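Asks: Have a look at this one before I ask anything.
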Amino acid sequence: MRWTFQRFPFFIHQTKKVPLYVYGTIHKRVPDISSLSQVFGANQIAATMEVNLLLLLIIVGILGVIYRQVKKHYDYFHDKPIPSMATVPLLGSTGPLMTKRCTFNDFIQTIYNKYPSAKIFGLFDMTTKMFVLRDPEVIKKITVKDFEYFVDRRPLFGANKEDDGNENILFNKTLVGMVDQRWRDMRAILSPAFTGSKMRAMFELIEQYCTQMVPILKEQSAESGYVDYEMKDFFSRVANDIIATCAFGLQVESLKSRDNEFYTMGKQMMNFNRFIVLLRVMGLRFFPSLMIKMGVDIVDREQNQYFSKIIKEAVRARETHGIVRPDMIHLLMQARKGTLKHQQETTESTAGFATVEESDVGKSVVSKTMSEPEFIAQCLIFFLAGFDTVSTGMLFMAYELALNPDIQQKLYEEIAQTNKELGGKPATYDTLQKMKYMDMVVSESLRMWPVAAFDRKCGRDYVLDDGAGLKFTIDAGTCIWVPVYGIHRDPKYYPNPDKFEPERFSDENRGKIDMTMYMPFGMGPRNCIGSRFALMEIKAIMYALLLNFSIERNEKTQVPLKLVKGFVGLQVENGLHLRFKKRK
Ligand code: HEM
């Protein structure tokens with residue numbers, strides 16, 4: 001007897017005498033050839049060996065074909081006149097991220113710096129072909145001028161057109177997840193809700209929130225004169241409460257009532273680091289149609305139903321009692337009736353240097369309206385697209401202010417001066433827009449700590465011609481990455497890039513900035529629709545906080561910050577701990 005491999009059930013057809021162990025997986029004890037010959041005879045053994053040999057050849061053949069296909073797939077960039085990164089089958093070029101050996105930011109910066117003279121280069125994000133853009137003209141061409149070829153984002157959550165009628169699927173109905181014409185129509189329907197004048201009206205709700213936030217913090221710091229917070233927790237609660245009031249018409253105090261239902265539901269929905277979410281992402285990525293038929297969405301069914309119910313009840317109450325509140329529900333109700341239109345903005349419509357402008361797609365007139373599930377999905381946008389981004393934006397601004405007390409002091413002086421001019425009354429939308437140093441600090445914070453990268457999917461074959469000898473086809477189905485973090489930290493565009501220097505954005509200096517290379521809110525018609533809202537929110541919260549507190553380090557503050565490794569956004573390892581110290 002000897003140890004051997006045996007996986008195939010051939011013998012079973014030949015004789016019932018053969019024990020079932022030949023069905024076993026590996027390393028089963030089977031009789032050797034000599035003892036088998038006593039049972040079957042030499043001819044049978046020879047036939048069996050032939051079958052096994054044939055099978056081996058078939059397997060080797062199949063493996064050979066797979067190898068050739070995989071190699072062909074990963075050789076994609078080799079016939080393009082651009083450099084490309086080395087790959088490992090299945091992990092592609094993003095192995096260090098997948099195996100959590102570096103942070104997303106470090107990865108983006110490393111690959112960006114790898115080919116300093118290239119305008120564009122190739123890599124594989126696991127199995128996805130990605131073109132990474134490094135050059136301002138190429139970025140402008142692809143994201144703005146020739147946008148028609150690159151309308152959609154990479155379908156991470158299986159976004160496609162097949163979800164119609166399925167109420168359980170919300171992500172595909174949000175502006176973020178929509179594609180093609182549906183996206184164009186929805187962008188045009190929604191964009192009048194995000195103009196400067198609408199934000200000015202909504203500011204009232206944010207201001208109300210600030211006036212309720214400050215007394216809570218004062219109460220919490222009454223004894224010691226300060227209150228310590230983990231900043232992600234703190235700003236997530238703040239962002240949550242602002243979404244509650246601005247998008248869902250609810251007033252919530254998550255700093256005080258820490259386990260309120262709205263907060264716990266929102267937190268659960270936004271927790272994408274769960275195994276079940278990973279399974280859904282994989283399912284939606286590889287079998288989108290099947291998942292959609294089964295009603296699987298990235299958003300949990302429980303949260304979907306919870307938030308849908310709030311919105312439906314709010315709409316009913318408003319229709320019944322004629323309630324008007326300057327929030328998202330009201331704007332979307334107007335949009336459904338077709339009464340929400342782009343108006344000529346009478347005053348300055350930017351909310352700061354970083355504001356992105358709406359393109360003709362957003363300004364076009366459409367006769368379409370939205371279904372009820374689409375209506376609900378757009379309210380969820382504040383969570384899906386605006387929750388983590390805003391709270392992270394505030395977190396890093398607080399960190400930089402704590403590390404740079406001189407900059408914080410200068411900002412405080414501007415705030416104190418504005419407060420004096422307002423006679424101690426709450427800030428208004430317009431006063432915030434006039435605060436130059438505040439805008440410089442926010443702009444610099446978003447430069448240093450942007451969303452690491454944004455992407456596009458190539459919808460049809462596109463010939464990239466830079467007019468200087470670089471010409472090749474970007475094939476339909478491949479994707480584009482704009483490595484924002486690498487660009488924002490490139491000394492060519494931002495001298496001394498790792499230094500927090502709001503002066504870069506002063507009136508004298510901002511003209512020197514190449515606007516294509518400043519993109520905290522993305523670029524082109526598919527840019528961030530909520531940039532005005534985000535800037536208004538960050539400024540209002542920072543104004544209220546700094547007027548009453550200084551932001552300082554405490555014994556738990558980690559300097560320099562360590563970010564979480566792997567394919568995750570900007571997350572701080574062990575949290576960012578800071579102190580709000582009451583001003584005298
Ligand atoms: C500091 C806060 C924020 C940052 C840094 C940010 C950044 C971004 C970026 C980089 C994109 C991708 C743009 C592109 O592909 O060109 C984006 C898209 C988007 N953002 Fe924001 N965002 C923020 C806040 C918000 C808020 C508050 C909302 C609320 C509505 C929002 C709604 C959206 C939507 C709906 C999209 C997708 C737009 C589309 O596909 O048409 N964002 N954001």
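Just remember, in the structure tokens the first chain shown is A, the second B, etc., residues are 1-based per chain, and ligands are 1-based in the order shown.
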Can you write out as a tab-separated table which residues of chain A fall within 6 Å of ligand 1, alongside each residue's closest atom pair and its distance in Å to one decimal, counting only C-alpha atoms and all ligand atoms and ordering rows by chain and ascending residue number?
Replies:
residue	atom	partner	partner_atom_place_in_ligand_line	distance
A:Leu175	CA	ligand 1	40 (O)	5.2
A:Val176	CA	ligand 1	40 (O)	4.1
A:Arg187	CA	ligand 1	41 (O)	5.9
A:Ile381	CA	ligand 1	30 (C)	5.5
A:Phe382	CA	ligand 1	29 (C)	4.4
A:Ala385	CA	ligand 1	32 (C)	4.6
A:Gly386	CA	ligand 1	26 (C)	3.4
A:Thr389	CA	ligand 1	2 (C)	4.3
A:Val390	CA	ligand 1	2 (C)	4.0
A:Gly393	CA	ligand 1	1 (C)	5.1
A:Val451	CA	ligand 1	10 (C)	5.8
A:Phe454	CA	ligand 1	15 (O)	5.2
A:Pro520	CA	ligand 1	5 (C)	5.3
A:Phe521	CA	ligand 1	10 (C)	4.1
A:Gly522	CA	ligand 1	16 (O)	3.3
A:Met523	CA	ligand 1	16 (O)	4.2
A:Arg526	CA	ligand 1	41 (O)	4.5
A:Asn527	CA	ligand 1	16 (O)	3.6
A:Cys528	CA	ligand 1	18 (C)	3.6
A:Ile529	CA	ligand 1	33 (C)	5.0
A:Gly530	CA	ligand 1	28 (C)	3.8
A:Ser531	CA	ligand 1	24 (C)	5.6
A:Phe533	CA	ligand 1	27 (C)	5.4
A:Ala534	CA	ligand 1	27 (C)	4.3
Asks: Please save C-alpha atoms of the selected residues as a compact mmCIF listing (two decimals), in the first residue's frame.
Replies:
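The file below, part_20.txt, is the result:
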# COMPACT_ATOMS: atom_id res chain seq x y z
CA LEU A 175 -27.23 60.01 -8.32
CA VAL A 176 -23.95 58.35 -7.36
CA ARG A 187 -28.45 65.34 -12.34
CA ILE A 381 -27.27 60.69 -0.95
CA PHE A 382 -26.53 62.89 2.02
CA ALA A 385 -21.94 60.68 -0.46
CA GLY A 386 -21.94 63.44 2.11
CA THR A 389 -16.65 62.99 3.33
CA VAL A 390 -17.85 65.91 5.47
CA GLY A 393 -13.03 66.82 6.12
CA VAL A 451 -10.58 61.82 -1.18
CA PHE A 454 -11.90 59.33 -8.23
CA PRO A 520 -11.17 67.97 -3.78
CA PHE A 521 -14.66 67.74 -5.28
CA GLY A 522 -13.70 65.97 -8.49
CA MET A 523 -13.82 67.34 -12.01
CA ARG A 526 -19.84 64.37 -12.83
CA ASN A 527 -18.23 66.42 -10.06
CA CYS A 528 -19.60 66.61 -6.52
CA ILE A 529 -23.11 68.05 -6.57
CA GLY A 530 -22.87 68.81 -2.85
CA SER A 531 -19.73 70.98 -2.80
CA PHE A 533 -23.46 72.29 0.95
CA ALA A 534 -20.27 70.64 2.24
Asks: As a VMD selection string, please: every residue in segment 228-393 of chain A that a backbone DSSP assignment puts in helix (DSSP H, G or I).
Replies: chain A and resid 231 to 247 261 to 270 275 to 286 288 to 293 301 to 321 328 to 337 360 to 363 372 to 384 387 to 393
Asks: Taking 5 positions as the minimum chain separation for residues in the same chain, which residues sit within 9 Å of Lys539 of chain A when counting only C-alpha atoms? Answer as a list in words.
Replies: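 The residues that qualify are Leu432, Gln433, Met438, Asp439, Val442, Ala534 and Ala544 of chain A.
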Asks: Taking 6 positions as the minimum chain separation for residues in the same chain, which residues sit within 10 Å of Ile298 of chain A when counting only C-alpha atoms? Answer as number ranges by chain.
Replies: A: 157-158, 169-172, 269-270, 272, 276-281, 284, 304
Asks: Store the residues of this selection in a file with N, CA and C atoms, as a tab-separated table (two decimals), in the first residue's frame.
Replies:
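Saved file part.tsv follows:
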chain	number	residue	atom	x	y	z
A	157	PHE	N	-20.52	48.94	-7.06
A	157	PHE	CA	-21.62	48.23	-6.41
A	157	PHE	C	-22.59	47.67	-7.44
A	158	GLY	N	-22.07	47.31	-8.62
A	158	GLY	CA	-22.90	46.68	-9.63
A	158	GLY	C	-23.97	47.60	-10.19
A	169	ILE	N	-33.92	48.02	-3.98
A	169	ILE	CA	-32.60	48.45	-4.44
A	169	ILE	C	-32.54	49.95	-4.51
A	170	LEU	N	-31.78	50.55	-3.61
A	170	LEU	CA	-31.73	52.00	-3.56
A	170	LEU	C	-30.47	52.57	-4.19
A	171	PHE	N	-29.33	51.88	-3.98
A	171	PHE	CA	-28.07	52.48	-4.41
A	171	PHE	C	-28.09	52.86	-5.90
A	172	ASN	N	-28.62	51.94	-6.73
A	172	ASN	CA	-28.64	52.21	-8.17
A	172	ASN	C	-29.55	53.37	-8.55
A	269	MET	N	-25.81	51.74	8.57
A	269	MET	CA	-25.88	51.78	7.10
A	269	MET	C	-24.52	52.16	6.49
A	270	MET	N	-23.83	53.09	7.18
A	270	MET	CA	-22.57	53.56	6.63
A	270	MET	C	-21.38	52.67	6.99
A	272	PHE	N	-19.40	50.09	6.13
A	272	PHE	CA	-19.14	49.21	4.99
A	272	PHE	C	-18.07	48.17	5.31
A	276	ILE	N	-20.79	40.98	5.69
A	276	ILE	CA	-21.98	40.83	4.85
A	276	ILE	C	-21.95	41.86	3.70
A	277	VAL	N	-21.42	43.07	4.01
A	277	VAL	CA	-21.35	44.10	2.97
A	277	VAL	C	-20.30	43.68	1.93
A	278	LEU	N	-19.20	43.11	2.43
A	278	LEU	CA	-18.16	42.64	1.51
A	278	LEU	C	-18.73	41.58	0.57
A	279	LEU	N	-19.52	40.67	1.15
A	279	LEU	CA	-20.14	39.62	0.33
A	279	LEU	C	-21.04	40.24	-0.73
A	280	ARG	N	-21.83	41.24	-0.29
A	280	ARG	CA	-22.74	41.88	-1.24
A	280	ARG	C	-21.96	42.60	-2.34
A	281	VAL	N	-20.87	43.29	-1.94
A	281	VAL	CA	-20.07	44.01	-2.93
A	281	VAL	C	-19.54	43.03	-3.96
A	284	LEU	N	-22.42	41.80	-6.12
A	284	LEU	CA	-22.88	42.82	-7.06
A	284	LEU	C	-21.84	43.09	-8.14
A	304	ASN	N	-32.99	50.55	4.87
A	304	ASN	CA	-33.76	51.01	3.71
A	304	ASN	C	-35.20	51.30	4.16
Asks: Could you give me, as a tab-separated table, a per-residue list for segment 329-387 of chain A showing, wherever an atom lies at most 12 Å from an atom of segment 201-221 of chain A, the closest pair of atoms and their distance in Å to one decimal, using only C-alpha atoms and sorting by chain then residue number from low to high?
Replies:
residue	atom	partner	partner_atom	distance
A:Ile329	CA	A:Met202	CA	11.3
A:His330	CA	A:Met202	CA	10.5
A:Leu331	CA	A:Met202	CA	10.2
A:Ala351	CA	A:Phe203	CA	11.6
Asks: Take the residues that were just selected and, keeping N, CA and C atoms, output them as an mmCIF file, in the first residue's frame.
Replies:
data_model
loop_
_atom_site.group_PDB
_atom_site.id
_atom_site.type_symbol
_atom_site.label_atom_id
_atom_site.label_comp_id
_atom_site.auth_asym_id
_atom_site.auth_seq_id
_atom_site.Cartn_x
_atom_site.Cartn_y
_atom_site.Cartn_z
ATOM 1 N N ILE A 329 -36.169 67.459 1.520
ATOM 2 C CA ILE A 329 -37.473 66.858 1.207
ATOM 3 C C ILE A 329 -38.337 67.874 0.456
ATOM 4 N N HIS A 330 -38.321 69.098 0.946
ATOM 5 C CA HIS A 330 -39.109 70.152 0.299
ATOM 6 C C HIS A 330 -38.628 70.369 -1.141
ATOM 7 N N LEU A 331 -37.292 70.435 -1.317
ATOM 8 C CA LEU A 331 -36.756 70.676 -2.659
ATOM 9 C C LEU A 331 -37.092 69.516 -3.597
ATOM 10 N N ALA A 351 -19.373 78.817 -2.685
ATOM 11 C CA ALA A 351 -19.313 78.775 -1.222
ATOM 12 C C ALA A 351 -17.862 78.763 -0.796
#
Asks: Determine, counting only C-alpha atoms, which protein, DNA and RNA residues have an atom within 10 Å of an atom of Lys341 of chain A; residues of the same chain fewer than 2 positions away are not included. Present the result as a ChimeraX atom specification.
Replies: /A:188-193,334-335,338-339,343-344,363-366
Asks: With a distance cut-off of 9 Å and only C-alpha atoms, select the neighbouring residues of segment 305-313 of chain A, excluding the residue or stretch itself and same-chain residues fewer than 2 positions from it, and output the selection as a list in words.
Replies: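 In the requested form, the answer reads Asn168, Ala247, Phe248, Gly249, Leu250, Phe262, Met265, Gly266, Asp300, Arg301, Glu302, Gln303, Val315, Arg316, Ala317, Arg318, Ile329, Glu372, Pro373, Phe375, Ile376, Ala377, Cys379 and Leu380 of chain A.
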Asks: Go ahead and save the residues from that selection, with N, CA and C atoms, as an mmCIF file, in the first residue's frame.
Replies:
data_model
loop_
_atom_site.group_PDB
_atom_site.id
_atom_site.type_symbol
_atom_site.label_atom_id
_atom_site.label_comp_id
_atom_site.auth_asym_id
_atom_site.auth_seq_id
_atom_site.Cartn_x
_atom_site.Cartn_y
_atom_site.Cartn_z
ATOM 1 N N ASN A 168 -36.458 47.545 -3.279
ATOM 2 C CA ASN A 168 -35.430 47.219 -2.302
ATOM 3 C C ASN A 168 -34.048 47.696 -2.717
ATOM 4 N N ALA A 247 -31.837 66.706 5.391
ATOM 5 C CA ALA A 247 -32.330 65.777 4.366
ATOM 6 C C ALA A 247 -33.578 65.026 4.793
ATOM 7 N N PHE A 248 -33.783 64.851 6.107
ATOM 8 C CA PHE A 248 -34.922 64.024 6.547
ATOM 9 C C PHE A 248 -35.961 64.798 7.371
ATOM 10 N N GLY A 249 -35.687 66.077 7.590
ATOM 11 C CA GLY A 249 -36.651 66.898 8.312
ATOM 12 C C GLY A 249 -36.802 66.525 9.775
ATOM 13 N N LEU A 250 -35.734 65.959 10.376
ATOM 14 C CA LEU A 250 -35.808 65.541 11.788
ATOM 15 C C LEU A 250 -34.803 66.299 12.627
ATOM 16 N N PHE A 262 -31.961 57.230 14.965
ATOM 17 C CA PHE A 262 -31.525 57.747 13.662
ATOM 18 C C PHE A 262 -30.007 57.584 13.522
ATOM 19 N N MET A 265 -29.016 53.805 13.246
ATOM 20 C CA MET A 265 -29.383 53.282 11.925
ATOM 21 C C MET A 265 -28.427 53.816 10.843
ATOM 22 N N GLY A 266 -28.140 55.126 10.916
ATOM 23 C CA GLY A 266 -27.234 55.735 9.933
ATOM 24 C C GLY A 266 -25.837 55.129 10.037
ATOM 25 N N ASP A 300 -28.585 47.922 3.732
ATOM 26 C CA ASP A 300 -29.352 46.867 4.411
ATOM 27 C C ASP A 300 -30.846 47.107 4.252
ATOM 28 N N ARG A 301 -31.608 46.017 4.179
ATOM 29 C CA ARG A 301 -33.067 46.108 4.035
ATOM 30 C C ARG A 301 -33.677 46.882 5.216
ATOM 31 N N GLU A 302 -33.155 46.601 6.420
ATOM 32 C CA GLU A 302 -33.716 47.234 7.627
ATOM 33 C C GLU A 302 -33.569 48.756 7.566
ATOM 34 N N GLN A 303 -32.370 49.210 7.188
ATOM 35 C CA GLN A 303 -32.154 50.665 7.116
ATOM 36 C C GLN A 303 -32.947 51.273 5.950
ATOM 37 N N VAL A 315 -43.314 63.436 3.856
ATOM 38 C CA VAL A 315 -43.986 63.939 2.648
ATOM 39 C C VAL A 315 -45.488 64.021 2.902
ATOM 40 N N ARG A 316 -46.040 62.955 3.518
ATOM 41 C CA ARG A 316 -47.479 62.935 3.780
ATOM 42 C C ARG A 316 -47.868 64.102 4.694
ATOM 43 N N ALA A 317 -47.102 64.291 5.773
ATOM 44 C CA ALA A 317 -47.425 65.358 6.732
ATOM 45 C C ALA A 317 -47.372 66.724 6.050
ATOM 46 N N ARG A 318 -46.380 66.920 5.201
ATOM 47 C CA ARG A 318 -46.254 68.217 4.545
ATOM 48 C C ARG A 318 -47.393 68.465 3.564
ATOM 49 N N ILE A 329 -36.169 67.459 1.520
ATOM 50 C CA ILE A 329 -37.473 66.858 1.207
ATOM 51 C C ILE A 329 -38.337 67.874 0.456
ATOM 52 N N GLU A 372 -41.160 57.343 -6.545
ATOM 53 C CA GLU A 372 -41.006 57.451 -5.081
ATOM 54 C C GLU A 372 -39.689 56.830 -4.581
ATOM 55 N N PRO A 373 -39.340 55.607 -5.050
ATOM 56 C CA PRO A 373 -38.053 55.055 -4.606
ATOM 57 C C PRO A 373 -36.864 55.934 -5.007
ATOM 58 N N PHE A 375 -36.946 59.163 -5.267
ATOM 59 C CA PHE A 375 -37.036 60.287 -4.338
ATOM 60 C C PHE A 375 -36.317 59.931 -3.029
ATOM 61 N N ILE A 376 -36.636 58.754 -2.515
ATOM 62 C CA ILE A 376 -36.038 58.303 -1.256
ATOM 63 C C ILE A 376 -34.531 58.129 -1.413
ATOM 64 N N ALA A 377 -34.146 57.560 -2.553
ATOM 65 C CA ALA A 377 -32.717 57.315 -2.791
ATOM 66 C C ALA A 377 -31.927 58.619 -2.790
ATOM 67 N N CYS A 379 -32.529 61.304 -1.048
ATOM 68 C CA CYS A 379 -32.329 61.756 0.336
ATOM 69 C C CYS A 379 -31.157 60.984 0.957
ATOM 70 N N LEU A 380 -31.032 59.735 0.558
ATOM 71 C CA LEU A 380 -29.940 58.927 1.107
ATOM 72 C C LEU A 380 -28.569 59.393 0.619
#
Asks: Choose the residue, out of A:Glu400, A:Asp228, A:Glu167, A:Asp461, that has the smallest atom-to-atom separation from Glu148 of chain A; count only C-alpha atoms.
Replies: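 Counting only C-alpha atoms, the residue closest to Glu148 of chain A is A:Asp461.
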Asks: Quick one: residues within 6 Å of Ile551 of chain A, only C-alpha atoms counted, chain neighbours fewer than 3 positions away excluded, as an MDAnalysis selection string?
Replies: chainID A and resid 402 579:580
Asks: Distance table requested - segment 254-371 of chain A against segment 486-505 of chain A, cut-off 12 Å, only C-alpha atoms: one row per qualifying residue with the closest atom pair and its distance in Å to one decimal, ordered by chain and rising residue number, as JSON lines.
Replies:
{"residue": "A:Gly352", "atom": "CA", "partner": "A:Phe505", "partner_atom": "CA", "distance": 10.6}
{"residue": "A:Phe353", "atom": "CA", "partner": "A:Phe505", "partner_atom": "CA", "distance": 8.1}
{"residue": "A:Ala354", "atom": "CA", "partner": "A:Phe505", "partner_atom": "CA", "distance": 10.1}
Asks: Figure out the distance between atom CA of Val463 of chain A and atom CA of Thr94 of chain A, please, to one decimal in Å.
Replies: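 Between these atoms lies a distance of 26.2 Å.
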Asks: Out of A:Lys198, A:Lys471, A:Lys119, A:Arg285, which residue has the shortest atom-to-atom distance to Leu340 of chain A when counting only C-alpha atoms?
Replies: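 Closest to Leu340 of chain A of all the choices is A:Lys198.
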Asks: I need the residue nearest Phe287 of chain A from this list: A:Glu137, A:Pro155, A:Met397, A:Thr428. Use only C-alpha atoms for the distance.
Replies: A:Pro155
Asks: Using DSSP secondary structure from the backbone, list all strand (DSSP E) positions within segment 381-582 of chain A, as an NGL selection string.
Replies: :A and (454-457 or 462-465 or 471-474 or 479-482 or 549-553 or 577-582)
